[in-house]
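What's in upload_18.pdb: PDB, C-alpha atoms and all ligand atoms
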```
MODEL        1
ATOM      1  CA  MET A   1     -53.655 -46.890   2.412  1.00  0.00           C
ATOM      2  CA  LYS A   2     -55.268 -50.342   2.197  1.00  0.00           C
ATOM      3  CA  LEU A   3     -58.788 -50.504   3.595  1.00  0.00           C
ATOM      4  CA  PHE A   4     -60.501 -53.547   5.096  1.00  0.00           C
ATOM      5  CA  ILE A   5     -63.961 -53.775   6.653  1.00  0.00           C
ATOM      6  CA  TYR A   6     -64.914 -56.372   9.267  1.00  0.00           C
ATOM      7  CA  HIS A   7     -68.581 -56.477  10.197  1.00  0.00           C
ATOM      8  CA  THR A   8     -68.184 -57.731  13.770  1.00  0.00           C
ATOM      9  CA  PRO A   9     -65.466 -58.264  16.379  1.00  0.00           C
ATOM     10  CA  GLU A  10     -65.849 -62.016  15.773  1.00  0.00           C
ATOM     11  CA  LEU A  11     -65.023 -61.600  12.058  1.00  0.00           C
ATOM     12  CA  THR A  12     -61.977 -59.444  12.827  1.00  0.00           C
ATOM     13  CA  PRO A  13     -58.628 -61.239  12.409  1.00  0.00           C
ATOM     14  CA  THR A  14     -56.845 -62.121  15.622  1.00  0.00           C
ATOM     15  CA  ASP A  15     -53.433 -63.005  14.125  1.00  0.00           C
ATOM     16  CA  SER A  16     -52.500 -59.482  13.005  1.00  0.00           C
ATOM     17  CA  LEU A  17     -53.284 -55.822  13.671  1.00  0.00           C
ATOM     18  CA  PRO A  18     -53.672 -52.811  11.371  1.00  0.00           C
ATOM     19  CA  ASP A  19     -51.789 -49.507  11.566  1.00  0.00           C
ATOM     20  CA  CYS A  20     -55.129 -47.891  12.336  1.00  0.00           C
ATOM     21  CA  ALA A  21     -58.328 -49.467  13.635  1.00  0.00           C
ATOM     22  CA  VAL A  22     -61.576 -47.516  13.329  1.00  0.00           C
ATOM     23  CA  VAL A  23     -64.270 -48.868  15.638  1.00  0.00           C
ATOM     24  CA  ILE A  24     -67.877 -48.199  14.650  1.00  0.00           C
ATOM     25  CA  ASP A  25     -71.025 -48.580  16.732  1.00  0.00           C
ATOM     26  CA  VAL A  26     -73.454 -46.092  15.243  1.00  0.00           C
ATOM     27  CA  LEU A  27     -76.282 -47.287  17.554  1.00  0.00           C
ATOM     28  CA  ARG A  28     -75.040 -46.014  19.884  1.00  0.00           C
ATOM     29  CA  ALA A  29     -71.692 -46.395  21.646  1.00  0.00           C
ATOM     30  CA  THR A  30     -69.424 -44.530  19.223  1.00  0.00           C
ATOM     31  CA  THR A  31     -72.063 -41.821  18.750  1.00  0.00           C
ATOM     32  CA  THR A  32     -72.160 -41.423  22.545  1.00  0.00           C
ATOM     33  CA  ILE A  33     -68.345 -41.349  22.834  1.00  0.00           C
ATOM     34  CA  ALA A  34     -68.031 -38.600  20.192  1.00  0.00           C
ATOM     35  CA  THR A  35     -70.825 -36.600  21.823  1.00  0.00           C
ATOM     36  CA  ALA A  36     -69.390 -36.889  25.352  1.00  0.00           C
ATOM     37  CA  LEU A  37     -65.972 -35.655  24.221  1.00  0.00           C
ATOM     38  CA  ASN A  38     -67.573 -32.888  22.204  1.00  0.00           C
ATOM     39  CA  THR A  39     -69.503 -31.625  25.221  1.00  0.00           C
ATOM     40  CA  GLY A  40     -66.418 -31.481  27.420  1.00  0.00           C
ATOM     41  CA  ALA A  41     -65.778 -34.897  28.961  1.00  0.00           C
ATOM     42  CA  GLU A  42     -62.110 -35.090  30.001  1.00  0.00           C
ATOM     43  CA  ALA A  43     -61.986 -38.645  28.566  1.00  0.00           C
ATOM     44  CA  VAL A  44     -64.113 -41.718  27.963  1.00  0.00           C
ATOM     45  CA  GLN A  45     -62.820 -44.953  29.479  1.00  0.00           C
ATOM     46  CA  VAL A  46     -64.411 -48.127  28.153  1.00  0.00           C
ATOM     47  CA  PHE A  47     -64.908 -51.489  29.834  1.00  0.00           C
ATOM     48  CA  ARG A  48     -66.190 -54.827  28.712  1.00  0.00           C
ATOM     49  CA  ASN A  49     -67.590 -55.677  32.086  1.00  0.00           C
ATOM     50  CA  LEU A  50     -69.411 -53.723  34.743  1.00  0.00           C
ATOM     51  CA  GLU A  51     -67.471 -55.042  37.731  1.00  0.00           C
ATOM     52  CA  GLU A  52     -64.197 -53.784  36.320  1.00  0.00           C
ATOM     53  CA  LEU A  53     -65.785 -50.432  35.510  1.00  0.00           C
ATOM     54  CA  MET A  54     -66.976 -50.091  39.100  1.00  0.00           C
ATOM     55  CA  THR A  55     -63.577 -51.072  40.549  1.00  0.00           C
ATOM     56  CA  VAL A  56     -61.596 -48.635  38.396  1.00  0.00           C
ATOM     57  CA  SER A  57     -64.078 -45.757  38.677  1.00  0.00           C
ATOM     58  CA  ASP A  58     -64.199 -46.163  42.482  1.00  0.00           C
ATOM     59  CA  ARG A  59     -60.626 -44.824  42.522  1.00  0.00           C
ATOM     60  CA  TRP A  60     -61.826 -41.602  40.844  1.00  0.00           C
ATOM     61  CA  LEU A  61     -63.177 -38.548  42.674  1.00  0.00           C
ATOM     62  CA  PRO A  62     -66.989 -38.916  42.639  1.00  0.00           C
ATOM     63  CA  GLU A  63     -67.446 -35.332  41.404  1.00  0.00           C
ATOM     64  CA  LYS A  64     -65.082 -36.018  38.487  1.00  0.00           C
ATOM     65  CA  ARG A  65     -66.711 -39.180  37.173  1.00  0.00           C
ATOM     66  CA  LEU A  66     -69.861 -40.460  35.507  1.00  0.00           C
ATOM     67  CA  ARG A  67     -70.681 -44.121  35.145  1.00  0.00           C
ATOM     68  CA  ALA A  68     -72.627 -45.189  32.072  1.00  0.00           C
ATOM     69  CA  GLY A  69     -73.823 -48.741  31.553  1.00  0.00           C
ATOM     70  CA  GLU A  70     -76.018 -50.350  28.907  1.00  0.00           C
ATOM     71  CA  ARG A  71     -77.176 -53.931  28.438  1.00  0.00           C
ATOM     72  CA  GLY A  72     -79.795 -54.922  25.879  1.00  0.00           C
ATOM     73  CA  GLY A  73     -80.307 -51.230  25.092  1.00  0.00           C
ATOM     74  CA  ALA A  74     -81.377 -50.361  28.643  1.00  0.00           C
ATOM     75  CA  LYS A  75     -79.554 -48.499  31.429  1.00  0.00           C
ATOM     76  CA  VAL A  76     -77.738 -50.710  33.920  1.00  0.00           C
ATOM     77  CA  GLU A  77     -78.875 -50.327  37.522  1.00  0.00           C
ATOM     78  CA  GLY A  78     -76.336 -48.541  39.691  1.00  0.00           C
ATOM     79  CA  CYS A  79     -74.968 -46.408  36.831  1.00  0.00           C
ATOM     80  CA  ASP A  80     -75.545 -42.668  36.476  1.00  0.00           C
ATOM     81  CA  LEU A  81     -76.456 -42.964  32.808  1.00  0.00           C
ATOM     82  CA  GLY A  82     -77.338 -45.453  30.099  1.00  0.00           C
ATOM     83  CA  ASN A  83     -75.898 -45.152  26.602  1.00  0.00           C
ATOM     84  CA  SER A  84     -77.972 -42.306  25.177  1.00  0.00           C
ATOM     85  CA  PRO A  85     -75.873 -39.646  23.426  1.00  0.00           C
ATOM     86  CA  LEU A  86     -78.653 -37.195  24.279  1.00  0.00           C
ATOM     87  CA  ASP A  87     -77.721 -37.477  27.966  1.00  0.00           C
ATOM     88  CA  CYS A  88     -74.238 -36.170  27.193  1.00  0.00           C
ATOM     89  CA  THR A  89     -74.948 -32.494  27.876  1.00  0.00           C
ATOM     90  CA  SER A  90     -72.183 -29.956  28.641  1.00  0.00           C
ATOM     91  CA  GLU A  91     -73.609 -29.455  32.137  1.00  0.00           C
ATOM     92  CA  LEU A  92     -73.135 -33.139  32.930  1.00  0.00           C
ATOM     93  CA  MET A  93     -69.951 -33.924  30.990  1.00  0.00           C
ATOM     94  CA  GLN A  94     -67.749 -30.879  31.602  1.00  0.00           C
ATOM     95  CA  ASP A  95     -64.332 -32.052  32.922  1.00  0.00           C
ATOM     96  CA  LYS A  96     -65.667 -35.453  33.939  1.00  0.00           C
ATOM     97  CA  ARG A  97     -64.389 -38.855  32.941  1.00  0.00           C
ATOM     98  CA  LEU A  98     -67.128 -41.009  31.443  1.00  0.00           C
ATOM     99  CA  PHE A  99     -66.694 -44.674  32.453  1.00  0.00           C
ATOM    100  CA  LEU A 100     -68.657 -46.637  29.865  1.00  0.00           C
ATOM    101  CA  THR A 101     -69.667 -50.248  29.355  1.00  0.00           C
ATOM    102  CA  THR A 102     -72.020 -51.331  26.555  1.00  0.00           C
ATOM    103  CA  THR A 103     -73.115 -54.642  25.056  1.00  0.00           C
ATOM    104  CA  ASN A 104     -71.098 -54.551  21.841  1.00  0.00           C
ATOM    105  CA  GLY A 105     -69.243 -51.281  21.194  1.00  0.00           C
ATOM    106  CA  THR A 106     -66.867 -51.450  24.128  1.00  0.00           C
ATOM    107  CA  ARG A 107     -66.161 -55.127  23.265  1.00  0.00           C
ATOM    108  CA  ALA A 108     -65.292 -54.153  19.682  1.00  0.00           C
ATOM    109  CA  LEU A 109     -62.884 -51.525  20.984  1.00  0.00           C
ATOM    110  CA  GLN A 110     -61.122 -54.064  23.150  1.00  0.00           C
ATOM    111  CA  THR A 111     -60.715 -56.424  20.177  1.00  0.00           C
ATOM    112  CA  VAL A 112     -58.390 -53.962  18.402  1.00  0.00           C
ATOM    113  CA  GLU A 113     -57.057 -51.939  21.349  1.00  0.00           C
ATOM    114  CA  LYS A 114     -53.470 -53.037  20.614  1.00  0.00           C
ATOM    115  CA  ALA A 115     -53.409 -51.550  17.089  1.00  0.00           C
ATOM    116  CA  SER A 116     -50.852 -48.733  16.571  1.00  0.00           C
ATOM    117  CA  SER A 117     -53.678 -46.228  16.491  1.00  0.00           C
ATOM    118  CA  VAL A 118     -57.320 -46.702  17.434  1.00  0.00           C
ATOM    119  CA  ILE A 119     -60.093 -44.218  16.727  1.00  0.00           C
ATOM    120  CA  THR A 120     -63.874 -44.387  16.876  1.00  0.00           C
ATOM    121  CA  ALA A 121     -66.331 -43.235  14.259  1.00  0.00           C
ATOM    122  CA  ALA A 122     -70.051 -42.831  13.817  1.00  0.00           C
ATOM    123  CA  LEU A 123     -72.109 -41.027  11.215  1.00  0.00           C
ATOM    124  CA  ILE A 124     -72.043 -37.831  13.298  1.00  0.00           C
ATOM    125  CA  ASN A 125     -68.213 -37.570  13.095  1.00  0.00           C
ATOM    126  CA  ARG A 126     -67.605 -39.434   9.835  1.00  0.00           C
ATOM    127  CA  GLN A 127     -65.688 -36.567   8.179  1.00  0.00           C
ATOM    128  CA  ALA A 128     -63.415 -36.117  11.217  1.00  0.00           C
ATOM    129  CA  ALA A 129     -62.445 -39.792  10.954  1.00  0.00           C
ATOM    130  CA  VAL A 130     -61.823 -39.454   7.216  1.00  0.00           C
ATOM    131  CA  ASN A 131     -59.661 -36.339   7.766  1.00  0.00           C
ATOM    132  CA  TYR A 132     -57.570 -38.188  10.351  1.00  0.00           C
ATOM    133  CA  LEU A 133     -56.941 -41.075   7.932  1.00  0.00           C
ATOM    134  CA  LEU A 134     -56.059 -38.731   5.074  1.00  0.00           C
ATOM    135  CA  ASN A 135     -53.675 -36.727   7.279  1.00  0.00           C
ATOM    136  CA  THR A 136     -51.929 -39.695   8.917  1.00  0.00           C
ATOM    137  CA  GLN A 137     -51.927 -42.076   5.903  1.00  0.00           C
ATOM    138  CA  PRO A 138     -51.732 -45.393   7.796  1.00  0.00           C
ATOM    139  CA  GLU A 139     -50.661 -48.268   5.556  1.00  0.00           C
ATOM    140  CA  THR A 140     -53.472 -50.574   6.653  1.00  0.00           C
ATOM    141  CA  VAL A 141     -56.842 -49.480   8.031  1.00  0.00           C
ATOM    142  CA  TRP A 142     -59.529 -51.736   9.480  1.00  0.00           C
ATOM    143  CA  LEU A 143     -63.062 -50.464   9.895  1.00  0.00           C
ATOM    144  CA  VAL A 144     -64.549 -52.705  12.577  1.00  0.00           C
ATOM    145  CA  GLY A 145     -68.300 -52.863  13.118  1.00  0.00           C
ATOM    146  CA  SER A 146     -69.597 -53.749  16.577  1.00  0.00           C
ATOM    147  CA  GLY A 147     -72.622 -55.741  15.433  1.00  0.00           C
ATOM    148  CA  TRP A 148     -75.013 -57.194  17.998  1.00  0.00           C
ATOM    149  CA  GLU A 149     -73.897 -60.107  20.153  1.00  0.00           C
ATOM    150  CA  GLY A 150     -71.801 -61.639  17.398  1.00  0.00           C
ATOM    151  CA  GLY A 151     -74.265 -60.917  14.573  1.00  0.00           C
ATOM    152  CA  TYR A 152     -74.087 -58.405  11.753  1.00  0.00           C
ATOM    153  CA  SER A 153     -75.513 -54.873  12.156  1.00  0.00           C
ATOM    154  CA  LEU A 154     -76.576 -53.059   9.001  1.00  0.00           C
ATOM    155  CA  GLU A 155     -76.041 -49.584  10.486  1.00  0.00           C
ATOM    156  CA  ASP A 156     -72.357 -50.197  11.286  1.00  0.00           C
ATOM    157  CA  THR A 157     -71.694 -51.456   7.767  1.00  0.00           C
ATOM    158  CA  VAL A 158     -73.500 -48.474   6.250  1.00  0.00           C
ATOM    159  CA  CYS A 159     -71.298 -46.138   8.342  1.00  0.00           C
ATOM    160  CA  ALA A 160     -68.184 -48.039   7.222  1.00  0.00           C
ATOM    161  CA  GLY A 161     -69.407 -47.574   3.642  1.00  0.00           C
ATOM    162  CA  ALA A 162     -69.890 -43.839   4.303  1.00  0.00           C
ATOM    163  CA  ILE A 163     -66.247 -43.581   5.375  1.00  0.00           C
ATOM    164  CA  ALA A 164     -64.995 -45.694   2.452  1.00  0.00           C
ATOM    165  CA  LYS A 165     -66.989 -43.630  -0.040  1.00  0.00           C
ATOM    166  CA  VAL A 166     -65.436 -40.332   1.060  1.00  0.00           C
ATOM    167  CA  LEU A 167     -61.947 -41.863   1.122  1.00  0.00           C
ATOM    168  CA  GLY A 168     -62.603 -42.881  -2.483  1.00  0.00           C
ATOM    169  CA  GLU A 169     -59.491 -43.163  -4.582  1.00  0.00           C
ATOM    170  CA  SER A 170     -57.161 -42.374  -1.663  1.00  0.00           C
ATOM    171  CA  VAL A 171     -57.448 -46.046  -0.666  1.00  0.00           C
ATOM    172  CA  THR A 172     -56.998 -49.437  -2.218  1.00  0.00           C
ATOM    173  CA  ILE A 173     -59.723 -51.941  -1.478  1.00  0.00           C
ATOM    174  CA  GLY A 174     -58.544 -54.697   0.879  1.00  0.00           C
ATOM    175  CA  ASN A 175     -61.597 -56.967   0.930  1.00  0.00           C
ATOM    176  CA  ASP A 176     -64.980 -57.378  -0.778  1.00  0.00           C
ATOM    177  CA  GLU A 177     -66.741 -56.052   2.324  1.00  0.00           C
ATOM    178  CA  VAL A 178     -65.554 -52.564   1.333  1.00  0.00           C
ATOM    179  CA  ILE A 179     -67.341 -52.795  -2.031  1.00  0.00           C
ATOM    180  CA  ALA A 180     -70.507 -54.122  -0.397  1.00  0.00           C
ATOM    181  CA  ALA A 181     -70.489 -51.466   2.342  1.00  0.00           C
ATOM    182  CA  MET A 182     -70.141 -48.645  -0.187  1.00  0.00           C
ATOM    183  CA  ALA A 183     -73.099 -50.056  -2.163  1.00  0.00           C
ATOM    184  CA  LEU A 184     -75.195 -50.190   1.021  1.00  0.00           C
ATOM    185  CA  TYR A 185     -74.289 -46.618   1.927  1.00  0.00           C
ATOM    186  CA  THR A 186     -75.199 -45.464  -1.600  1.00  0.00           C
ATOM    187  CA  GLN A 187     -78.578 -47.149  -1.183  1.00  0.00           C
ATOM    188  CA  TRP A 188     -79.344 -45.569   2.206  1.00  0.00           C
ATOM    189  CA  GLN A 189     -77.458 -42.274   2.263  1.00  0.00           C
ATOM    190  CA  ASN A 190     -80.574 -40.172   1.716  1.00  0.00           C
ATOM    191  CA  ASN A 191     -82.670 -42.088   4.229  1.00  0.00           C
ATOM    192  CA  LEU A 192     -80.423 -43.096   7.125  1.00  0.00           C
ATOM    193  CA  LEU A 193     -83.254 -42.743   9.631  1.00  0.00           C
ATOM    194  CA  GLY A 194     -85.402 -45.030   7.457  1.00  0.00           C
ATOM    195  CA  MET A 195     -82.572 -47.577   7.532  1.00  0.00           C
ATOM    196  CA  PHE A 196     -82.492 -47.377  11.362  1.00  0.00           C
ATOM    197  CA  HIS A 197     -86.243 -48.038  11.436  1.00  0.00           C
ATOM    198  CA  LEU A 198     -85.718 -51.174   9.350  1.00  0.00           C
ATOM    199  CA  CYS A 199     -82.657 -52.716  10.997  1.00  0.00           C
ATOM    200  CA  SER A 200     -82.944 -54.976  14.041  1.00  0.00           C
ATOM    201  CA  HIS A 201     -81.100 -52.813  16.554  1.00  0.00           C
ATOM    202  CA  GLY A 202     -82.970 -49.701  15.416  1.00  0.00           C
ATOM    203  CA  GLN A 203     -86.208 -51.594  16.051  1.00  0.00           C
ATOM    204  CA  ARG A 204     -84.941 -52.705  19.475  1.00  0.00           C
ATOM    205  CA  LEU A 205     -84.234 -49.060  20.383  1.00  0.00           C
ATOM    206  CA  LEU A 206     -87.645 -47.960  19.075  1.00  0.00           C
ATOM    207  CA  ARG A 207     -89.262 -50.492  21.401  1.00  0.00           C
ATOM    208  CA  LEU A 208     -87.346 -48.776  24.217  1.00  0.00           C
ATOM    209  CA  ASN A 209     -88.763 -45.385  23.095  1.00  0.00           C
ATOM    210  CA  CYS A 210     -85.404 -44.137  21.819  1.00  0.00           C
ATOM    211  CA  ASP A 211     -86.871 -42.391  18.742  1.00  0.00           C
ATOM    212  CA  GLU A 212     -84.965 -39.164  19.467  1.00  0.00           C
ATOM    213  CA  ASP A 213     -81.693 -41.078  19.802  1.00  0.00           C
ATOM    214  CA  LEU A 214     -82.216 -42.573  16.344  1.00  0.00           C
ATOM    215  CA  LYS A 215     -82.821 -39.119  14.849  1.00  0.00           C
ATOM    216  CA  TYR A 216     -79.632 -37.803  16.460  1.00  0.00           C
ATOM    217  CA  CYS A 217     -77.508 -40.820  15.412  1.00  0.00           C
ATOM    218  CA  ALA A 218     -78.752 -40.548  11.789  1.00  0.00           C
ATOM    219  CA  GLN A 219     -77.123 -37.145  11.263  1.00  0.00           C
ATOM    220  CA  THR A 220     -73.941 -37.061   9.189  1.00  0.00           C
ATOM    221  CA  ASP A 221     -70.821 -34.948   9.814  1.00  0.00           C
ATOM    222  CA  ILE A 222     -72.308 -32.729  12.535  1.00  0.00           C
ATOM    223  CA  LEU A 223     -69.377 -33.022  14.988  1.00  0.00           C
ATOM    224  CA  ASP A 224     -65.771 -32.193  14.230  1.00  0.00           C
ATOM    225  CA  ILE A 225     -64.410 -34.392  16.994  1.00  0.00           C
ATOM    226  CA  LEU A 226     -62.212 -37.457  16.774  1.00  0.00           C
ATOM    227  CA  PRO A 227     -61.995 -39.896  19.697  1.00  0.00           C
ATOM    228  CA  ILE A 228     -58.417 -41.294  19.661  1.00  0.00           C
ATOM    229  CA  GLN A 229     -57.200 -43.952  22.083  1.00  0.00           C
ATOM    230  CA  LYS A 230     -54.619 -42.271  24.370  1.00  0.00           C
ATOM    231  CA  GLU A 231     -53.903 -45.308  26.499  1.00  0.00           C
ATOM    232  CA  ARG A 232     -55.516 -48.700  26.424  1.00  0.00           C
ATOM    233  CA  GLY A 233     -59.288 -48.252  26.751  1.00  0.00           C
ATOM    234  CA  VAL A 234     -59.095 -44.476  27.223  1.00  0.00           C
ATOM    235  CA  LEU A 235     -60.244 -42.115  24.484  1.00  0.00           C
TER
HETATM  236  O1  LIG B 301     -74.099 -52.519  22.002  1.00  0.00           O
HETATM  237  C1  LIG B 301     -73.669 -51.420  22.242  1.00  0.00           C
HETATM  238  O2  LIG B 301     -72.485 -51.175  22.392  1.00  0.00           O
HETATM  239  C2  LIG B 301     -74.646 -50.289  22.408  1.00  0.00           C
HETATM  240  O3  LIG B 301     -74.256 -49.219  21.655  1.00  0.00           O
HETATM  241  C3  LIG B 301     -76.047 -50.737  22.208  1.00  0.00           C
HETATM  242  S1  LIG B 301     -77.257 -49.544  22.574  1.00  0.00           S
HETATM  243  O4  LIG B 301     -77.493 -48.736  21.407  1.00  0.00           O
HETATM  244  O5  LIG B 301     -76.858 -48.726  23.693  1.00  0.00           O
HETATM  245  O6  LIG B 301     -78.451 -50.287  22.892  1.00  0.00           O
ENDMDL
END
```

Could you show the structure in this file as structure tokens?
Ligand code: 3SL
Amino acid sequence: MKLFIYHTPELTPTDSLPDCAVVIDVLRATTTIATALNTGAEAVQVFRNLEELMTVSDRWLPEKRLRAGERGGAKVEGCDLGNSPLDCTSELMQDKRLFLTTTNGTRALQTVEKASSVITAALINRQAAVNYLLNTQPETVWLVGSGWEGGYSLEDTVCAGAIAKVLGESVTIGNDEVIAAMALYTQWQNNLLGMFHLCSHGQRLLRLNCDEDLKYCAQTDILDILPIQKERGVL
């Protein structure tokens, strides 16, 4: 297994695809996706743009769907939910399809949606992602961070480093980003919440009073759930 890390969708190669792409948006899209599936959502369907989400979800029975939209960290008007994983309760999610559009995470997913297998990871389901990779042994694996509007996001790289560290000697290192991400995870592994308070998107969410979201997203290996793409854009 050869492991590569790309910090943003923009830095991800467009002339090839890996055997497995692991999309990471710790704050908060991939944390929300894992949580929604864990609390009983039938599936999560992701969209880059809101209009398309509305068109596709209109064809769904209203009692079987939830629409979640986030831009700039805030809930999009007209949606049932924003992008807080804490809103993904069993009462709300049970047997519903969550139609989701976010600023960066859903865009990152679409960048690699044609890879042979596509999964999502966050700190909360890190071990589930690692187990999948160890069991399936893809030849090439890309860990793709979502970043923020084309820029680098520390928290996604730290999560990629957390995955790389547990994979350890089961992988060969494909690019220098893997070495750097493991060093960053080593630096922050005992203070992930502190790292969220320092990084730019963590600070953006704090300004939006999302303190509890940060605490939830900073937990490691609490959910044994693995979002896997079943058809394009559907996990
Ligand atoms: O950009 C995204 O995909 C979101 O996860 C950002 S937020 O955490 O919902 O603000």

### Query
Which is closer to A:Val141 than all the others in A:Ala183, A:Ala128, A:Ala108, A:Ala21, using all atoms listed in the file?
A:Ala21

### Query
What do you get as an MDAnalysis selection string if you pick all residues at most 10 Å from ligand LIG 301 (chain B), counting all atoms listed in the file?
chainID A and resid 24:33 48 69:75 82:85 100:109 146:149 201:202 204:205 208 210 213:214 217

### Task
Given the file shown, determine the residues that the PyMOL selection byres (((chain A and resi 177) around 10) and not hetatm) selects; report them as a PyMOL selection string.
chain A and resi 3-7+157+160-161+173-176+178-183

### Message
Report, in Å to a single decimal, how far apart atom CA of A:Ala34 and atom CA of A:Leu226 are.
### Response
6.8 Å

### Task
Write out as a list in words each polymer residue whose atoms come within 9 Å of A:Met195, counting only C-alpha atoms; drop sequence neighbours fewer than 4 positions from it.
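Near A:Met195, the qualifying residues are Leu154, Glu155, Trp188, Asn191, Cys199 and Gly202 of chain A.
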
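Remark: for A:Pro138, the closest of the candidate residues A:Asp19, A:Glu91, A:Glu212, A:Glu10 is A:Asp19 (distances computed over all atoms listed in the file).
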
### Message
Using only C-alpha atoms, can you tell me which of A:Glu63, A:Asp95, A:Glu113, A:Asp15 comes closest to A:Val234?
### Response
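Checking each candidate against A:Val234, we get A:Glu113 as the closest.
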
### Task
Using only C-alpha atoms, give me every residue within 10 Å of (-54.2, -40.7, 3.3) in file coordinates, as a PyMOL selection string.
chain A and resi 1-2+130-139+167+169-171

#### Entry: Long-range neighbours of A:Val56 as a ChimeraX atom specification, 12 Å cut-off, only C-alpha atoms, 4 positions minimum in chain
/A:45-47,49-52,60-62,65-67,97-100,233

### Query
Which is closer to A:Val22 than all the others in A:Cys79, A:Leu192, A:Ala164, A:Leu223, using only C-alpha atoms?
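Closest candidate: A:Ala164.
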
### Message
As an exercise, work out the distance from atom CA of A:Gln229 to atom CA of A:Lys215 in Å and give it to one decimal place.
### Response
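Those two atoms sit 27.1 Å apart.
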
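As for atom CA of A:Ala36 and atom CA of A:Lys96, they are spaced 9.5 Å apart.
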
### Query
Once the PyMOL selection byres (((chain A and resi 121) around 7) and not hetatm) has been applied to the shown file, what residues remain in the selection, as a PyMOL selection string?
chain A and resi 22-24+30+119-120+122-123+125-126+129

### Message
When you count only C-alpha atoms, which of these residues is closest to A:Leu235: A:Ser117, A:Thr8, A:Asn209, A:Ser153?
### Response
A:Ser117

Completed stretch 119-134 of chain A (N, CA and C atoms) as a CSV table (one decimal), in the coordinates of the input:
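Below you can see rebuild_15.csv, which holds the result:
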```csv
chain,number,residue,atom,x,y,z
A,119,ILE,N,-59.1,-45.3,16.7
A,119,ILE,CA,-60.1,-44.2,16.7
A,119,ILE,C,-61.5,-44.8,16.7
A,120,THR,N,-62.5,-43.9,17.0
A,120,THR,CA,-63.9,-44.4,16.9
A,120,THR,C,-64.6,-43.4,15.9
A,121,ALA,N,-65.6,-44.0,15.2
A,121,ALA,CA,-66.3,-43.2,14.3
A,121,ALA,C,-67.8,-43.6,14.3
A,122,ALA,N,-68.6,-42.6,14.0
A,122,ALA,CA,-70.1,-42.8,13.8
A,122,ALA,C,-70.4,-41.9,12.7
A,123,LEU,N,-71.7,-41.9,12.3
A,123,LEU,CA,-72.1,-41.0,11.2
A,123,LEU,C,-71.9,-39.6,11.6
A,124,ILE,N,-72.1,-39.2,12.9
A,124,ILE,CA,-72.0,-37.8,13.3
A,124,ILE,C,-70.6,-37.3,13.2
A,125,ASN,N,-69.6,-38.1,13.2
A,125,ASN,CA,-68.2,-37.6,13.1
A,125,ASN,C,-67.5,-38.3,11.9
A,126,ARG,N,-68.2,-38.7,11.0
A,126,ARG,CA,-67.6,-39.4,9.8
A,126,ARG,C,-66.5,-38.7,9.2
A,127,GLN,N,-66.7,-37.3,8.9
A,127,GLN,CA,-65.7,-36.6,8.2
A,127,GLN,C,-64.4,-36.4,9.0
A,128,ALA,N,-64.6,-36.3,10.3
A,128,ALA,CA,-63.4,-36.1,11.2
A,128,ALA,C,-62.6,-37.4,11.1
A,129,ALA,N,-63.2,-38.5,11.1
A,129,ALA,CA,-62.4,-39.8,11.0
A,129,ALA,C,-61.7,-39.9,9.6
A,130,VAL,N,-62.4,-39.5,8.6
A,130,VAL,CA,-61.8,-39.5,7.2
A,130,VAL,C,-60.6,-38.5,7.2
A,131,ASN,N,-60.8,-37.3,7.8
A,131,ASN,CA,-59.7,-36.3,7.8
A,131,ASN,C,-58.4,-36.9,8.5
A,132,TYR,N,-58.7,-37.6,9.6
A,132,TYR,CA,-57.6,-38.2,10.4
A,132,TYR,C,-56.8,-39.2,9.5
A,133,LEU,N,-57.6,-40.0,8.8
A,133,LEU,CA,-56.9,-41.1,7.9
A,133,LEU,C,-56.2,-40.4,6.8
A,134,LEU,N,-56.7,-39.4,6.2
A,134,LEU,CA,-56.1,-38.7,5.1
A,134,LEU,C,-54.8,-38.0,5.6
```
